[in-house]
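What follows is a single structure, written as structure tokens, with notes after it.
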2 protein chains.
Amino acid sequence: MTRQQVPAAEIAEIPGQEALGVQGAASDDLIELLFFAYRDFVGDPDRILAEYGFGRAHHRVLHFVVRYPGLTIAELLDILRITKQSLNRVLKDLIEQGYIEQKTGTSDRRQRLLFCTNAGADLAADLTRVQTRRVARALADRAEQAGTAAMSAHDFLLAMIEPDERAAVCRLMARRARRAA
Amino acid sequence: MTRQQVPAAEIAEIPGQEALGVQGAASDDLIELLFFAYRDFVGDPDRILAEYGFGRAHHRVLHFVVRYPGLTIAELLDILRITKQSLNRVLKDLIEQGYIEQKTGTSDRRQRLLFCTNAGADLAADLTRVQTRRVARALADRAEQAGTAAMSAHDFLLAMIEPDERAAVCRLMARRARRAA
DNA sequence: TGAGATATGTCAACAACACTGACTTATATC
DNA sequence: GATATAAGTCAGTGTTGTTGACATATCTCA
């Protein structure tokens, strides 16, 4: 009831350079699906973060510090692509409230190596849980799709959208299909 | 040189519920790749928008109005998931500067139907071009990947990352693989 | 050892974009 | 004619990004 209404679902079957027009239309759909997928993807942790008085910026910092213990400030700045001042504001919150610790670098004592405390790891795990659930569910959805065929980017992004909202998104995108026909 | 360093590239081969641990790790990678992919994905249009004095919020409004002419305010609010006040701020800019027009609804005269002007369609096309280029390139990358195997979500998101940055992301993510080994 | 580069931290001001809450106007519906 | 709905607006606030300037500690190299 959902997939059939969406045009160009067979994107991944179109080889490289041929049929650029169709691939262009497929790309346009992916652009839109990426918006919807990301919208719902960040919505999950937002609800948890609000309980702690934190925002998405805190989440991003915590995420990368948990996953890559010993990260330096410079490395984190390069990953997040924000300014030192923006990073410092949220990092200060996380350190003061005991979620992240700094240790002076051993080989280079100018560096501040970042590590999570137990509290930080716990919070990060909470946040990761809801996001992992969504992604794992999206991957699992493939099984109920085209049988043994692998999941296309289109299918994955669609599956990342909140299930209750998926029909609405498909309905919206079907408006274009009708016009094109 | 890039792919081999990334762990769990065979995510899509793991059936539904079995090996949840591995799928969990795969999900974690996808979470991170989604961040990087989205970071670069929105970076492209940002540069164009800055020339017009517009931001991402303007882009989102313009995108949906171009793609779905006649959209109502209520529909747009439901899509974007922002407040009426937030929408109005950017919509006012776009209308005053001649990129979007409002027409009173015919069946319900309370509604304001949104349409793009030619200038709006031109700007939207400019913005779509850079994003379509990135997505089309990402889809095309599949051809040079696993031959006839379909593209996994992992491959797609990785291919969405700025090519020059891809190696750095892979290097970063390889740090985890080394620890796990 | 001393000059200059680098890593980090900080102050101040500002802009984009989201929020809440309260209220108005026009139109539709019953 | 009462009530609901679609849209617009005013005022205040918070998060997260920005620029620019500057301070401090440490490293590197001549």
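Identifiers for the structure tokens are assigned positionally: chains receive A, B, ... in sequence, residues are indexed from 1 per chain, and ligands are indexed from 1 in the order shown.
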_So that I can see what lies close to C:DA22, please list as an NGL selection string the residues with an atom at most 12 Å from it, counting only C-alpha atoms (C1' of nucleotides) and leaving out residues fewer than 5 positions away in the same chain._
:D and (9-12)
Next, write the just-selected residues to a file, as a short mmCIF file (atom, residue, chain, number, x, y, z; two decimals), in the first residue's frame, keeping N, CA, C and O atoms (P, O5', C5', C4', C3', O3' and C1' of nucleotides) as the atom set.
```cif
data_model
loop_
_atom_site.label_atom_id
_atom_site.label_comp_id
_atom_site.auth_asym_id
_atom_site.auth_seq_id
_atom_site.Cartn_x
_atom_site.Cartn_y
_atom_site.Cartn_z
P DT D 9 1.18 38.97 8.45
"O5'" DT D 9 1.24 39.31 10.01
"C5'" DT D 9 0.10 39.85 10.65
"C4'" DT D 9 0.37 39.99 12.15
"C3'" DT D 9 1.82 40.37 12.49
"O3'" DT D 9 1.77 41.55 13.26
"C1'" DT D 9 1.04 38.63 13.87
P DC D 10 3.08 42.47 13.41
"O5'" DC D 10 3.24 42.50 14.99
"C5'" DC D 10 2.07 42.70 15.81
"C4'" DC D 10 2.42 42.44 17.27
"C3'" DC D 10 3.88 42.76 17.61
"O3'" DC D 10 3.93 43.53 18.81
"C1'" DC D 10 3.36 40.52 18.21
P DA D 11 5.34 44.24 19.21
"O5'" DA D 11 5.77 43.35 20.47
"C5'" DA D 11 4.78 42.83 21.36
"C4'" DA D 11 5.44 41.83 22.29
"C3'" DA D 11 6.94 42.07 22.46
"O3'" DA D 11 7.26 42.03 23.84
"C1'" DA D 11 6.54 39.83 21.86
P DG D 12 8.78 42.39 24.35
"O5'" DG D 12 9.30 40.96 24.85
"C5'" DG D 12 8.47 40.21 25.73
"C4'" DG D 12 9.01 38.81 25.84
"C3'" DG D 12 10.52 38.73 26.04
"O3'" DG D 12 10.79 37.90 27.18
"C1'" DG D 12 9.86 37.29 24.29
#
```
*Please provide the set of residues having any atom within 12 Å of B:Gly43, restricted to only C-alpha atoms (C1' of nucleotides), with same-chain residues fewer than 6 positions apart removed, written as an MDAnalysis selection string.*
(chainID A and resid 81) or (chainID B and resid 36:37 49:50 55:56 59 127 130:131 134 160:162)
Writer output for current selection, C-alpha atoms, as a JSON list (two decimals), in the first residue's frame:
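Saved as out_34.json:
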```json
[["chain", "number", "residue", "atom", "x", "y", "z"],
["A", 81, "ARG", "CA", 32.73, 21.47, 11.14],
["B", 36, "PHE", "CA", 28.40, 12.83, 7.63],
["B", 37, "ALA", "CA", 26.21, 12.37, 4.57],
["B", 49, "LEU", "CA", 21.71, 30.35, -0.46],
["B", 50, "ALA", "CA", 24.25, 32.63, 1.18],
["B", 55, "GLY", "CA", 19.23, 30.04, 4.86],
["B", 56, "ARG", "CA", 18.28, 26.40, 5.06],
["B", 59, "HIS", "CA", 15.51, 26.29, 1.03],
["B", 127, "LEU", "CA", 19.74, 24.40, -5.49],
["B", 130, "VAL", "CA", 24.00, 20.63, -6.74],
["B", 131, "GLN", "CA", 22.12, 18.17, -4.58],
["B", 134, "ARG", "CA", 25.78, 14.54, -5.35],
["B", 160, "MET", "CA", 27.13, 10.84, -0.34],
["B", 161, "ILE", "CA", 30.10, 12.18, 1.61],
["B", 162, "GLU", "CA", 32.31, 14.71, -0.13]]
```
*Using only C-alpha atoms (C1' of nucleotides), find which residues of chain B lie within 10 Å of chain C and jot them down as a VMD selection string.*
chain B and resid 54 to 57 82 to 83 85 to 87 89 to 90 108 to 111
*Pick from A:Ala167, A:Leu30, A:Leu94, A:Leu76: nearest to chain B, with only C-alpha atoms counted?*
A:Leu30
*d(atom CA of A:Phe156, atom CA of B:Phe156) in Å*: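 Pair atom CA of A:Phe156 / atom CA of B:Phe156 returns 9.9 Å.
Copies chain B and chain A share one sequence; their C-alpha RMSD after superposition is 0.1 Å.
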*Could you state the separation of atom CA of B:Arg60 and atom CA of B:Ala124 in Å, given to one decimal place?*
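About the pair atom CA of B:Arg60 and atom CA of B:Ala124: they are 9.8 Å apart.
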*For chain B, the nearest of the candidates A:Ile48, A:Ala136, A:Ala121, A:Val65, counting only C-alpha atoms*: A:Ala136
_Best match for closeness to D:DC27 among A:Ser107, A:Lys84, A:Ala174, A:Val42, counting only C-alpha atoms (C1' of nucleotides)_ =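 Of A:Ser107, A:Lys84, A:Ala174, A:Val42, the one nearest D:DC27, counting only C-alpha atoms (C1' of nucleotides), is A:Ser107.
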*Would you mind writing down, as a list in words, each residue of stretch 48-158 of chain B that DSSP on the backbone assigns to strand (DSSP E or B)?*
Leu71, Ile100, Glu101, Gln102, Lys103, Thr104, Arg112, Leu113, Leu114, Phe115 and Cys116 of chain B
*One decimal, Å: what's the distance from atom CA of A:Leu139 over to atom CA of B:Ser27, could you say?*
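One can read the atom CA of A:Leu139 to atom CA of B:Ser27 distance as 8.5 Å.
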*List every residue of chain A that DSSP, applied to the backbone of this structure, places in alpha helix (DSSP H), and write the result as an NGL selection string.*
:A and (20-52 or 56-67 or 73-80 or 84-96 or 118-141 or 153-160 or 163-180)
Would you mind listing, for every residue of chain D within 12 Å of chain A, the two atoms forming the shortest contact and the distance between them in Å to one decimal, using only C-alpha atoms (C1' of nucleotides), sorted by chain and ascending residue number, as JSON lines?
```
{"residue": "D:DG14", "atom": "C1'", "partner": "A:Gly55", "partner_atom": "CA", "distance": 10.5}
{"residue": "D:DT15", "atom": "C1'", "partner": "A:Gly55", "partner_atom": "CA", "distance": 7.2}
{"residue": "D:DT16", "atom": "C1'", "partner": "A:Ser86", "partner_atom": "CA", "distance": 7.2}
{"residue": "D:DG17", "atom": "C1'", "partner": "A:Ser86", "partner_atom": "CA", "distance": 6.8}
{"residue": "D:DT18", "atom": "C1'", "partner": "A:Thr83", "partner_atom": "CA", "distance": 8.0}
{"residue": "D:DT19", "atom": "C1'", "partner": "A:Thr83", "partner_atom": "CA", "distance": 10.0}
{"residue": "D:DG20", "atom": "C1'", "partner": "A:Gln85", "partner_atom": "CA", "distance": 11.7}
{"residue": "D:DT24", "atom": "C1'", "partner": "A:Arg110", "partner_atom": "CA", "distance": 10.4}
{"residue": "D:DA25", "atom": "C1'", "partner": "A:Arg110", "partner_atom": "CA", "distance": 6.6}
{"residue": "D:DT26", "atom": "C1'", "partner": "A:Arg110", "partner_atom": "CA", "distance": 5.3}
{"residue": "D:DC27", "atom": "C1'", "partner": "A:Asp108", "partner_atom": "CA", "distance": 7.5}
{"residue": "D:DT28", "atom": "C1'", "partner": "A:Asp108", "partner_atom": "CA", "distance": 11.6}
```
For the residues in that selection, give me N, CA, C and O atoms (P, O5', C5', C4', C3', O3' and C1' of nucleotides) as a tab-separated table (two decimals), in the first residue's frame.
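Saved file selection.tsv follows:
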```
chain	number	residue	atom	x	y	z
D	14	DG	P	15.66	32.25	28.03
D	14	DG	O5'	15.99	31.04	27.04
D	14	DG	C5'	15.04	30.01	26.83
D	14	DG	C4'	15.63	29.00	25.87
D	14	DG	C3'	17.13	28.78	26.07
D	14	DG	O3'	17.41	27.40	25.90
D	14	DG	C1'	16.73	29.60	23.88
D	15	DT	P	18.91	26.86	26.20
D	15	DT	O5'	19.36	26.37	24.76
D	15	DT	C5'	18.48	25.56	24.00
D	15	DT	C4'	19.02	25.38	22.61
D	15	DT	C3'	20.50	25.04	22.54
D	15	DT	O3'	20.62	23.89	21.71
D	15	DT	C1'	20.02	26.86	21.11
D	16	DT	P	22.01	23.13	21.52
D	16	DT	O5'	22.60	23.87	20.24
D	16	DT	C5'	21.88	23.81	19.03
D	16	DT	C4'	22.54	24.72	18.02
D	16	DT	C3'	24.06	24.57	17.96
D	16	DT	O3'	24.43	24.22	16.65
D	16	DT	C1'	23.41	26.82	17.98
D	17	DG	P	25.89	23.66	16.34
D	17	DG	O5'	26.66	24.89	15.64
D	17	DG	C5'	26.60	25.08	14.27
D	17	DG	C4'	26.46	26.55	13.90
D	17	DG	C3'	27.73	27.39	13.85
D	17	DG	O3'	28.51	27.10	12.71
D	17	DG	C1'	25.91	28.66	14.67
D	18	DT	P	30.02	27.55	12.66
D	18	DT	O5'	29.96	29.15	12.50
D	18	DT	C5'	29.27	29.71	11.38
D	18	DT	C4'	29.28	31.22	11.49
D	18	DT	C3'	30.65	31.84	11.72
D	18	DT	O3'	31.28	32.06	10.47
D	18	DT	C1'	29.03	32.83	13.17
D	19	DT	P	32.83	32.36	10.41
D	19	DT	O5'	33.03	33.88	10.87
D	19	DT	C5'	32.16	34.90	10.47
D	19	DT	C4'	32.58	36.22	11.10
D	19	DT	C3'	34.08	36.48	11.14
D	19	DT	O3'	34.33	37.79	10.64
D	19	DT	C1'	33.18	36.62	13.35
D	20	DG	P	35.80	38.27	10.29
D	20	DG	O5'	36.30	38.85	11.71
D	20	DG	C5'	35.53	39.80	12.39
D	20	DG	C4'	36.22	40.20	13.68
D	20	DG	C3'	37.75	40.11	13.62
D	20	DG	O3'	38.29	41.30	14.17
D	20	DG	C1'	36.94	38.94	15.49
D	24	DT	P	47.57	35.69	29.73
D	24	DT	O5'	47.73	34.13	29.48
D	24	DT	C5'	46.65	33.26	29.82
D	24	DT	C4'	47.06	31.85	29.51
D	24	DT	C3'	48.51	31.52	29.87
D	24	DT	O3'	48.51	30.34	30.65
D	24	DT	C1'	48.03	30.87	27.65
D	25	DA	P	49.87	29.88	31.41
D	25	DA	O5'	50.16	28.48	30.70
D	25	DA	C5'	49.09	27.57	30.53
D	25	DA	C4'	49.47	26.55	29.47
D	25	DA	C3'	50.88	25.97	29.65
D	25	DA	O3'	50.75	24.55	29.64
D	25	DA	C1'	50.58	26.74	27.44
D	26	DT	P	51.99	23.66	30.02
D	26	DT	O5'	52.52	23.27	28.57
D	26	DT	C5'	51.62	22.67	27.65
D	26	DT	C4'	52.25	22.62	26.29
D	26	DT	C3'	53.66	22.03	26.25
D	26	DT	O3'	53.59	20.82	25.52
D	26	DT	C1'	53.44	23.93	24.84
D	27	DC	P	54.83	19.85	25.35
D	27	DC	O5'	55.22	20.11	23.82
D	27	DC	C5'	54.21	19.94	22.82
D	27	DC	C4'	54.71	20.49	21.50
D	27	DC	C3'	56.08	19.94	21.06
D	27	DC	O3'	55.97	19.50	19.72
D	27	DC	C1'	56.07	22.30	20.95
D	28	DT	P	57.08	18.55	19.08
D	28	DT	O5'	57.42	19.34	17.71
D	28	DT	C5'	56.91	20.64	17.51
D	28	DT	C4'	57.75	21.38	16.50
D	28	DT	C3'	59.06	20.71	16.10
D	28	DT	O3'	59.35	21.09	14.77
D	28	DT	C1'	59.52	22.76	17.16
```
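The shortest atom-to-atom distance to chain A, with only C-alpha atoms taken into account, belongs to B:Gly70 out of B:Gly105, B:Gly70, B:Gly120, B:Gly98.
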*What's the 8 Å shell around B:Asp29, counting only C-alpha atoms (C1' of nucleotides), without same-chain residues fewer than 4 positions away, as a list in words?*
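Listed by chain and then number, they are Ala25, Leu33 and His154 of chain B.
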Atoms kept (N, CA, C and O atoms) for selection, written as a JSON list (two decimals), in the first residue's frame:
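out32.json, freshly written:
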```json
[["chain", "number", "residue", "atom", "x", "y", "z"],
["B", 25, "ALA", "N", 26.05, -3.14, 15.48],
["B", 25, "ALA", "CA", 27.27, -2.43, 15.09],
["B", 25, "ALA", "C", 27.08, -1.78, 13.73],
["B", 25, "ALA", "O", 27.51, -0.65, 13.50],
["B", 33, "LEU", "N", 27.32, 7.55, 9.58],
["B", 33, "LEU", "CA", 27.39, 7.90, 8.15],
["B", 33, "LEU", "C", 26.26, 8.85, 7.77],
["B", 33, "LEU", "O", 26.44, 9.72, 6.92],
["B", 154, "HIS", "N", 24.75, 1.45, 3.53],
["B", 154, "HIS", "CA", 26.09, 1.84, 3.95],
["B", 154, "HIS", "C", 26.87, 2.46, 2.79],
["B", 154, "HIS", "O", 27.45, 3.54, 2.91]]
```
*asked:* Calculated over only C-alpha atoms (C1' of nucleotides), which of the candidates D:DC22, D:DA30, D:DA6, D:DT13 has the smallest distance to B:Arg112?
replied: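 Nearest candidate to B:Arg112 out of D:DC22, D:DA30, D:DA6, D:DT13: D:DA6.
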